[in-house]
Amino acid sequence: MILFNPLNGGGRFEDCFHVYQSFKVPEFNESMQENQLYGKVTDYLNSLTSIEDSDYTNLVTGKKPNEIVLQLDRNQTIEDDFLGAKVRWTSQGSGDCNSQGRNLVLKVRKADKRRILRPYLQHIHVVADELEQRKRDLRLYMNVVDDDFRNARWRPVPFTHPATLETMAMEADLKSKIKSDLESFLKAKQYYNRLGRVWKRSFLLYGPSGTGKSSFVAAMANFLGYDVYDLDLSRVKDDSELKMLVLQTTSKSVIVIEDLDRFFAEKSTAVSFSGISNFMDGLLNSCCAEERVMVFTMNSKDQVDPNFLRPGRIDVHIHFPLCDFSAFRNLATSYLGVKEHKLFPQVEEIFQSGSSLSPAEIGELMIANRNSPSHAIKSVITALQTDGDGRGKGTATGKLGRPPRGFDTGSRKSGDEPGEPGVFCGEGVNTVRDFRKLYGFLRMRGSKNSQSFDAGSDRSVG
Ligand SMILES: Nc1ncnc2c1ncn2[C@@H]1O[C@H](COP(=O)(O)OP(=O)(O)OP(=O)(O)O)[C@@H](O)[C@H]1O
Ligand SMILES: [Mg+2]
């Protein structure tokens with residue numbers, strides 16, 4: 001007696017008693033046109049963790065260079081859970097010599113069918129669309145003034161910034177909080193709709209120059225699979241032009257305004273404070289597309305009107321501190337491929353004494369000396385001793401676990417000369433001072449000497 005047919009979706013005892021109902025999703029319709037649902041279900045199934053856990057599965061190249069994706073094999077069955085119900089999917093050959101293509105067969109318990117079938121198919125649609133969105137090439141939009149039309153508009157270019165959340169040197173706990181915050185934002189459409197709120201999230205990234213704020217915006221966009229709208233306020237004529245630009249942005253995008261504190265301090269934009277607040281509120285109460293992330297970067301939030309930073313306008317505040325020893329280790333791992341080194345205790349001691357540099361400064365020294373990790377670390381030690389000018393003493397981080405301390409603007413120490421013994425640098429960057437020149441750090445020194453961080457009022461992720 002044959003009870004189970006393994007080609008019939010991994011036969012189970014219940015199958016024999018018609019406990020399940022099957023639904024076939026063919027690859028092509030009767031006119032041999034592609035059935036789009038088949039593509040969506042395939043993408044959805046290939047993204048499930050159960051495919052990773054199955055006994056065998058296919059590995060195929062994806063659309064992007066070096067991308068490898070998991071793919072359901074013919075006659076393979078995987079399980080999925082939805083609203084507490086278990087369903088099974090089997091990939092089958094068409095079995096019909098007159099037709100081509102494959103089928104995906106869904107088995108649902110009859111008892112669950114009425115309750116879950118429609119929402120489950122809807123869920124597959126949503127997830128597949130999100131996956132598609134993440135796969136497509138991203139764009140960076142910059143606002144330009146169109147001479148002919150005297151109008152501001154967005155000009156797109158391909159967005160190819162390589163930063164990812166993984167490449168950012170940040171405290172691990174903070175990074176994983178941000179990651180799960182973004183993940184839950186992506187899944188929260190129905191939640192926001194139920195609350196009657198626009199599906200958006202706004203972030204404030206603040207910290208000294210060269211600590212990774214701009215790179216982090218790129219990493220977020222790559223993580224979310226969103227386009228980036230980089231709004232340059234100095235190119236905006238007035239408040240109404242700002243409004244028009246906002247209306248032109250599309251959903252699934254990160255809208256970023258960099259160095260906002262500078263605009264407020266220098267009044268170097270024709271846009272008023274209320275224009276910017278309305279810009280944020282306009283997005284909040286939006287007539288325009290939703291599913292957007294807004295990011296503002298600044299060196300310090302001291303000079304910024306607290307009204308601007310109030311809850312509801314800014315959801316998440318993230319502080320970007322100067323390097324500590326743990327960030328240094330992260331950088332050494334990614335830039336030099338070194339997880340441990342005999343010089344690490346010495347580096348740690350210097351950090352503990354309060355010296356610090358920005359990740360950009362340390363990263364640049366590592367890149368310049370990347371052929372010899374020892375030389376690279378020695379150059380960092382020398383730079384911390386000579387250029388590290390005690391800035392680390394003032395980096396109150398609050399959320400990163402270090403207690404808030406007064407900020408020491410401290411004048412530079414004298415040993416600021418290039419070419420310290422034992423320091424081998426290449427590519428024209430010999431000391432942090434050289435790098436600061438390159439990076440435009442002096443610009444910041446001139447205008448932003450007195451910074452301190454209000455860690456106490458942080459609302460951080462989580
Ligand atoms: N935390 C970090 N992790 C990894 N790389 C970093 C980090 N911080 C800075 N860098 C590197 O330093 C360079 C400058 O960083 P970035 O431009 O993101 O700094 P920033 O905070 O935006 O500075 P500014 O305030 O001057 O705009 C980038 O090449 C980036 O890769
Ligand atoms: Mg920046």
# chains A, B, ... in the order shown; residues from 1 in each chain; ligands from 1
>>> residues_near_ligand(ligand="ligand 2", cutoff="10 Å", atoms="only C-alpha atoms and all ligand atoms", output="JSON, numbers by chain")
{"A": [205, 206, 207, 208, 209, 210, 211, 212, 213, 214, 215, 216, 217, 258, 259, 297, 298, 299]}
>>> write_last_selection(atoms="C-alpha atoms", output="short mmCIF file (atom, residue, chain, number, x, y, z; two decimals), in the first residue's frame")
data_model
loop_
_atom_site.label_atom_id
_atom_site.label_comp_id
_atom_site.auth_asym_id
_atom_site.auth_seq_id
_atom_site.Cartn_x
_atom_site.Cartn_y
_atom_site.Cartn_z
CA LEU A 205 23.31 62.23 13.61
CA TYR A 206 25.62 64.47 15.57
CA GLY A 207 29.29 64.46 16.45
CA PRO A 208 32.66 65.93 15.45
CA SER A 209 33.93 66.03 11.92
CA GLY A 210 35.18 62.77 10.44
CA THR A 211 33.27 60.48 12.79
CA GLY A 212 31.23 58.82 10.05
CA LYS A 213 27.92 60.70 9.91
CA SER A 214 27.79 61.03 6.12
CA SER A 215 29.07 57.49 5.64
CA PHE A 216 26.34 56.32 7.97
CA VAL A 217 23.65 57.98 5.85
CA GLU A 258 23.86 67.86 6.23
CA ASP A 259 25.52 70.32 8.62
CA THR A 297 23.57 65.77 10.50
CA MET A 298 25.33 68.30 12.69
CA ASN A 299 28.53 68.66 14.67
#
>>> select_by_dssp(residues="range 187-281 of chain A", states="helix (DSSP H, G or I)", output="PyMOL selection string")
chain A and resi 189-195+213-224+233-235+239-247+260-266+273-281
>>> atom_distance(atom1="CA of Asp230 in chain A", atom2="CA of Val256 in chain A")
5.1 Å
>>> residues_around(residues="Ser22 in chain A", least_positions_apart="2", cutoff="7 Å", atoms="only C-alpha atoms", output="list in words")
Tyr20, Lys24, Val105, Leu106, Lys107 and Val108 of chain A
>>> write_last_selection(atoms="all heavy atoms", output="CSV table (one decimal), in the first residue's frame")
chain,number,residue,atom,x,y,z
A,20,TYR,N,-5.3,18.8,3.9
A,20,TYR,CA,-4.7,20.0,3.2
A,20,TYR,C,-5.5,20.3,1.9
A,20,TYR,O,-6.1,19.4,1.3
A,20,TYR,CB,-3.3,19.6,2.8
A,20,TYR,CG,-2.3,19.7,3.9
A,20,TYR,CD1,-2.0,18.6,4.6
A,20,TYR,CD2,-1.8,20.9,4.3
A,20,TYR,CE1,-1.1,18.6,5.7
A,20,TYR,CE2,-0.9,21.0,5.4
A,20,TYR,CZ,-0.5,19.9,6.1
A,20,TYR,OH,0.3,19.9,7.1
A,24,LYS,N,-1.9,25.7,-6.9
A,24,LYS,CA,-0.7,25.7,-7.8
A,24,LYS,C,-0.5,27.1,-8.4
A,24,LYS,O,-1.4,27.8,-8.9
A,24,LYS,CB,-1.0,24.7,-9.0
A,24,LYS,CG,0.1,24.5,-9.9
A,24,LYS,CD,-0.1,23.3,-10.8
A,24,LYS,CE,-0.8,23.7,-12.0
A,24,LYS,NZ,-0.9,22.6,-13.0
A,105,VAL,N,3.7,24.8,-5.6
A,105,VAL,CA,2.4,24.3,-5.0
A,105,VAL,C,2.4,24.6,-3.6
A,105,VAL,O,3.3,24.3,-2.8
A,105,VAL,CB,2.3,22.8,-5.3
A,105,VAL,CG1,1.0,22.3,-4.6
A,105,VAL,CG2,2.3,22.5,-6.7
A,106,LEU,N,1.3,25.3,-3.2
A,106,LEU,CA,1.1,25.7,-1.8
A,106,LEU,C,0.2,24.7,-1.2
A,106,LEU,O,-0.9,24.5,-1.7
A,106,LEU,CB,0.6,27.1,-1.7
A,106,LEU,CG,0.0,27.6,-0.4
A,106,LEU,CD1,1.2,27.8,0.6
A,106,LEU,CD2,-0.7,28.9,-0.6
A,107,LYS,N,0.5,24.2,0.0
A,107,LYS,CA,-0.4,23.4,0.7
A,107,LYS,C,-0.8,24.1,2.1
A,107,LYS,O,0.1,24.4,2.8
A,107,LYS,CB,0.2,22.0,1.0
A,107,LYS,CG,0.2,21.1,-0.1
A,107,LYS,CD,0.6,19.7,0.3
A,107,LYS,CE,0.0,18.7,-0.7
A,107,LYS,NZ,0.0,17.4,-0.2
A,108,VAL,N,-2.0,24.2,2.2
A,108,VAL,CA,-2.5,24.9,3.5
A,108,VAL,C,-3.5,23.9,4.1
A,108,VAL,O,-4.3,23.3,3.4
A,108,VAL,CB,-3.3,26.2,3.1
A,108,VAL,CG1,-3.6,26.9,4.4
A,108,VAL,CG2,-2.5,27.0,2.2
>>> select_by_dssp(residues="range 160-349 of chain A", states="strand (DSSP E)", output="JSON, numbers by chain")
{"A": [200, 201, 202, 203, 204, 205, 206, 227, 228, 229, 230, 253, 254, 255, 256, 257, 292, 293, 294, 295, 296, 297, 298, 316, 317, 318, 319]}
>>> atom_distance(atom1="CA of Ser300 in chain A", atom2="CA of Phe273 in chain A")
16.9 Å
>>> residues_around(residues="Tyr229 in chain A", least_positions_apart="4", cutoff="6 Å", atoms="only C-alpha atoms", output="PDB file with N, CA, C and O atoms, in the first residue's frame")
ATOM      1  N   LEU A 140      21.060  58.824  -6.254  1.00  0.00           N
ATOM      2  CA  LEU A 140      21.297  59.971  -5.371  1.00  0.00           C
ATOM      3  C   LEU A 140      20.762  61.204  -6.094  1.00  0.00           C
ATOM      4  O   LEU A 140      21.149  61.481  -7.235  1.00  0.00           O
ATOM      5  N   TYR A 141      19.861  61.928  -5.442  1.00  0.00           N
ATOM      6  CA  TYR A 141      19.305  63.151  -6.031  1.00  0.00           C
ATOM      7  C   TYR A 141      19.922  64.352  -5.343  1.00  0.00           C
ATOM      8  O   TYR A 141      20.003  64.395  -4.115  1.00  0.00           O
ATOM      9  N   ILE A 255      15.868  61.327   2.960  1.00  0.00           N
ATOM     10  CA  ILE A 255      16.086  62.745   2.656  1.00  0.00           C
ATOM     11  C   ILE A 255      17.070  63.273   3.694  1.00  0.00           C
ATOM     12  O   ILE A 255      16.814  63.171   4.897  1.00  0.00           O
TER      13      ILE A 255
END
>>> closest_residue(among="A:Val271, A:Leu174, A:Val198, A:Ile381", to="ligand 1", atoms="only C-alpha atoms and all ligand atoms")
A:Leu174
>>> residues_around(residues="Gly84 in chain A", least_positions_apart="4", cutoff="12 Å", atoms="only C-alpha atoms", output="number ranges by chain")
A: 80, 109, 112, 115-116, 120
>>> residues_around(residues="Arg235 in chain A", least_positions_apart="6", cutoff="10 Å", atoms="only C-alpha atoms", output="PyMOL selection string")
chain A and resi 143-145+152+241-242+268-271
>>> closest_residue(among="A:Val157, A:Val380, A:Val87, A:Ala172", to="Ala111 in chain A", atoms="only C-alpha atoms")
A:Val87
>>> closest_residue(among="A:Glu291, A:Lys237, A:Ser176, A:Tyr44", to="Lys189 in chain A", atoms="only C-alpha atoms")
A:Glu291
>>> closest_residue(among="A:Ser379, A:Thr160, A:Ser374, A:Gln190", to="Glu361 in chain A", atoms="only C-alpha atoms")
A:Ser379
>>> closest_residue(among="A:Phe344, A:Val236, A:Leu195, A:Met170", to="ligand 1", atoms="only C-alpha atoms and all ligand atoms")
A:Met170
>>> atom_distance(atom1="CA of Phe159 in chain A", atom2="CA of Arg136 in chain A")
10.9 Å
>>> residues_around(residues="Phe328 in chain A", least_positions_apart="2", cutoff="12 Å", atoms="only C-alpha atoms", output="MDAnalysis selection string")
chainID A and resid 168:171 211 321:326 330:336 338:340 344:345 347:348 350:351 356:363 365:366 376:377 380:381 384
>>> decode(residues="range 212-250 of chain A", atoms="N, CA and C atoms", output="tab-separated table (two decimals), in the first residue's frame")
chain	number	residue	atom	x	y	z
A	212	GLY	N	31.98	59.80	10.83
A	212	GLY	CA	31.23	58.82	10.05
A	212	GLY	C	29.76	59.14	9.83
A	213	LYS	N	29.34	60.38	10.05
A	213	LYS	CA	27.92	60.70	9.91
A	213	LYS	C	27.45	60.53	8.45
A	214	SER	N	28.21	61.13	7.53
A	214	SER	CA	27.79	61.03	6.12
A	214	SER	C	27.88	59.59	5.64
A	215	SER	N	28.94	58.89	6.06
A	215	SER	CA	29.07	57.49	5.64
A	215	SER	C	27.89	56.68	6.17
A	216	PHE	N	27.44	57.06	7.36
A	216	PHE	CA	26.34	56.32	7.97
A	216	PHE	C	25.03	56.53	7.19
A	217	VAL	N	24.84	57.73	6.67
A	217	VAL	CA	23.65	57.98	5.85
A	217	VAL	C	23.66	57.04	4.64
A	218	ALA	N	24.85	56.92	4.03
A	218	ALA	CA	24.97	56.03	2.86
A	218	ALA	C	24.72	54.58	3.28
A	219	ALA	N	25.25	54.21	4.45
A	219	ALA	CA	25.06	52.83	4.92
A	219	ALA	C	23.58	52.55	5.17
A	220	MET	N	22.89	53.55	5.72
A	220	MET	CA	21.44	53.38	5.96
A	220	MET	C	20.70	53.19	4.65
A	221	ALA	N	21.02	54.03	3.67
A	221	ALA	CA	20.34	53.95	2.37
A	221	ALA	C	20.58	52.58	1.74
A	222	ASN	N	21.82	52.11	1.83
A	222	ASN	CA	22.12	50.79	1.27
A	222	ASN	C	21.37	49.70	2.00
A	223	PHE	N	21.28	49.84	3.31
A	223	PHE	CA	20.58	48.83	4.11
A	223	PHE	C	19.09	48.79	3.76
A	224	LEU	N	18.50	49.98	3.65
A	224	LEU	CA	17.06	50.06	3.39
A	224	LEU	C	16.72	49.84	1.91
A	225	GLY	N	17.73	50.02	1.05
A	225	GLY	CA	17.46	49.97	-0.39
A	225	GLY	C	16.68	51.20	-0.85
A	226	TYR	N	16.95	52.35	-0.23
A	226	TYR	CA	16.24	53.59	-0.54
A	226	TYR	C	17.14	54.52	-1.37
A	227	ASP	N	16.51	55.35	-2.20
A	227	ASP	CA	17.24	56.42	-2.87
A	227	ASP	C	17.59	57.50	-1.83
A	228	VAL	N	18.57	58.34	-2.19
A	228	VAL	CA	18.95	59.42	-1.27
A	228	VAL	C	18.66	60.77	-1.92
A	229	TYR	N	17.97	61.64	-1.21
A	229	TYR	CA	17.80	63.03	-1.63
A	229	TYR	C	18.68	63.88	-0.74
A	230	ASP	N	19.74	64.43	-1.32
A	230	ASP	CA	20.70	65.22	-0.54
A	230	ASP	C	20.35	66.70	-0.72
A	231	LEU	N	19.71	67.26	0.29
A	231	LEU	CA	19.20	68.63	0.15
A	231	LEU	C	20.26	69.64	0.58
A	232	ASP	N	20.74	70.43	-0.38
A	232	ASP	CA	21.71	71.48	-0.08
A	232	ASP	C	20.94	72.78	0.14
A	233	LEU	N	20.87	73.19	1.40
A	233	LEU	CA	20.03	74.35	1.74
A	233	LEU	C	20.53	75.64	1.11
A	234	SER	N	21.87	75.71	0.85
A	234	SER	CA	22.39	76.97	0.29
A	234	SER	C	21.88	77.18	-1.13
A	235	ARG	N	21.34	76.15	-1.73
A	235	ARG	CA	20.82	76.30	-3.09
A	235	ARG	C	19.31	76.46	-3.13
A	236	VAL	N	18.73	76.66	-1.97
A	236	VAL	CA	17.27	76.81	-1.95
A	236	VAL	C	16.93	78.28	-1.78
A	237	LYS	N	16.08	78.79	-2.68
A	237	LYS	CA	15.81	80.23	-2.75
A	237	LYS	C	15.00	80.72	-1.56
A	238	ASP	N	13.97	80.01	-1.22
A	238	ASP	CA	13.13	80.42	-0.10
A	238	ASP	C	12.29	79.25	0.40
A	239	ASP	N	11.45	79.56	1.37
A	239	ASP	CA	10.68	78.48	2.00
A	239	ASP	C	9.77	77.77	1.00
A	240	SER	N	9.18	78.55	0.07
A	240	SER	CA	8.23	77.89	-0.82
A	240	SER	C	8.96	76.97	-1.81
A	241	GLU	N	10.19	77.34	-2.14
A	241	GLU	CA	10.97	76.46	-3.01
A	241	GLU	C	11.30	75.15	-2.28
A	242	LEU	N	11.58	75.29	-0.99
A	242	LEU	CA	11.86	74.10	-0.18
A	242	LEU	C	10.65	73.16	-0.19
A	243	LYS	N	9.48	73.77	-0.06
A	243	LYS	CA	8.25	72.99	-0.05
A	243	LYS	C	8.08	72.24	-1.38
A	244	MET	N	8.38	72.96	-2.45
A	244	MET	CA	8.23	72.35	-3.76
A	244	MET	C	9.18	71.15	-3.94
A	245	LEU	N	10.39	71.34	-3.44
A	245	LEU	CA	11.36	70.23	-3.55
A	245	LEU	C	10.89	69.01	-2.77
A	246	VAL	N	10.31	69.28	-1.61
A	246	VAL	CA	9.82	68.17	-0.78
A	246	VAL	C	8.72	67.42	-1.52
A	247	LEU	N	7.84	68.18	-2.16
A	247	LEU	CA	6.74	67.54	-2.87
A	247	LEU	C	7.23	66.66	-4.02
A	248	GLN	N	8.42	66.98	-4.51
A	248	GLN	CA	8.94	66.20	-5.64
A	248	GLN	C	9.66	64.91	-5.21
A	249	THR	N	9.84	64.73	-3.92
A	249	THR	CA	10.55	63.51	-3.50
A	249	THR	C	9.59	62.32	-3.55
A	250	THR	N	10.16	61.15	-3.72
A	250	THR	CA	9.33	59.95	-3.84
A	250	THR	C	9.43	59.11	-2.57
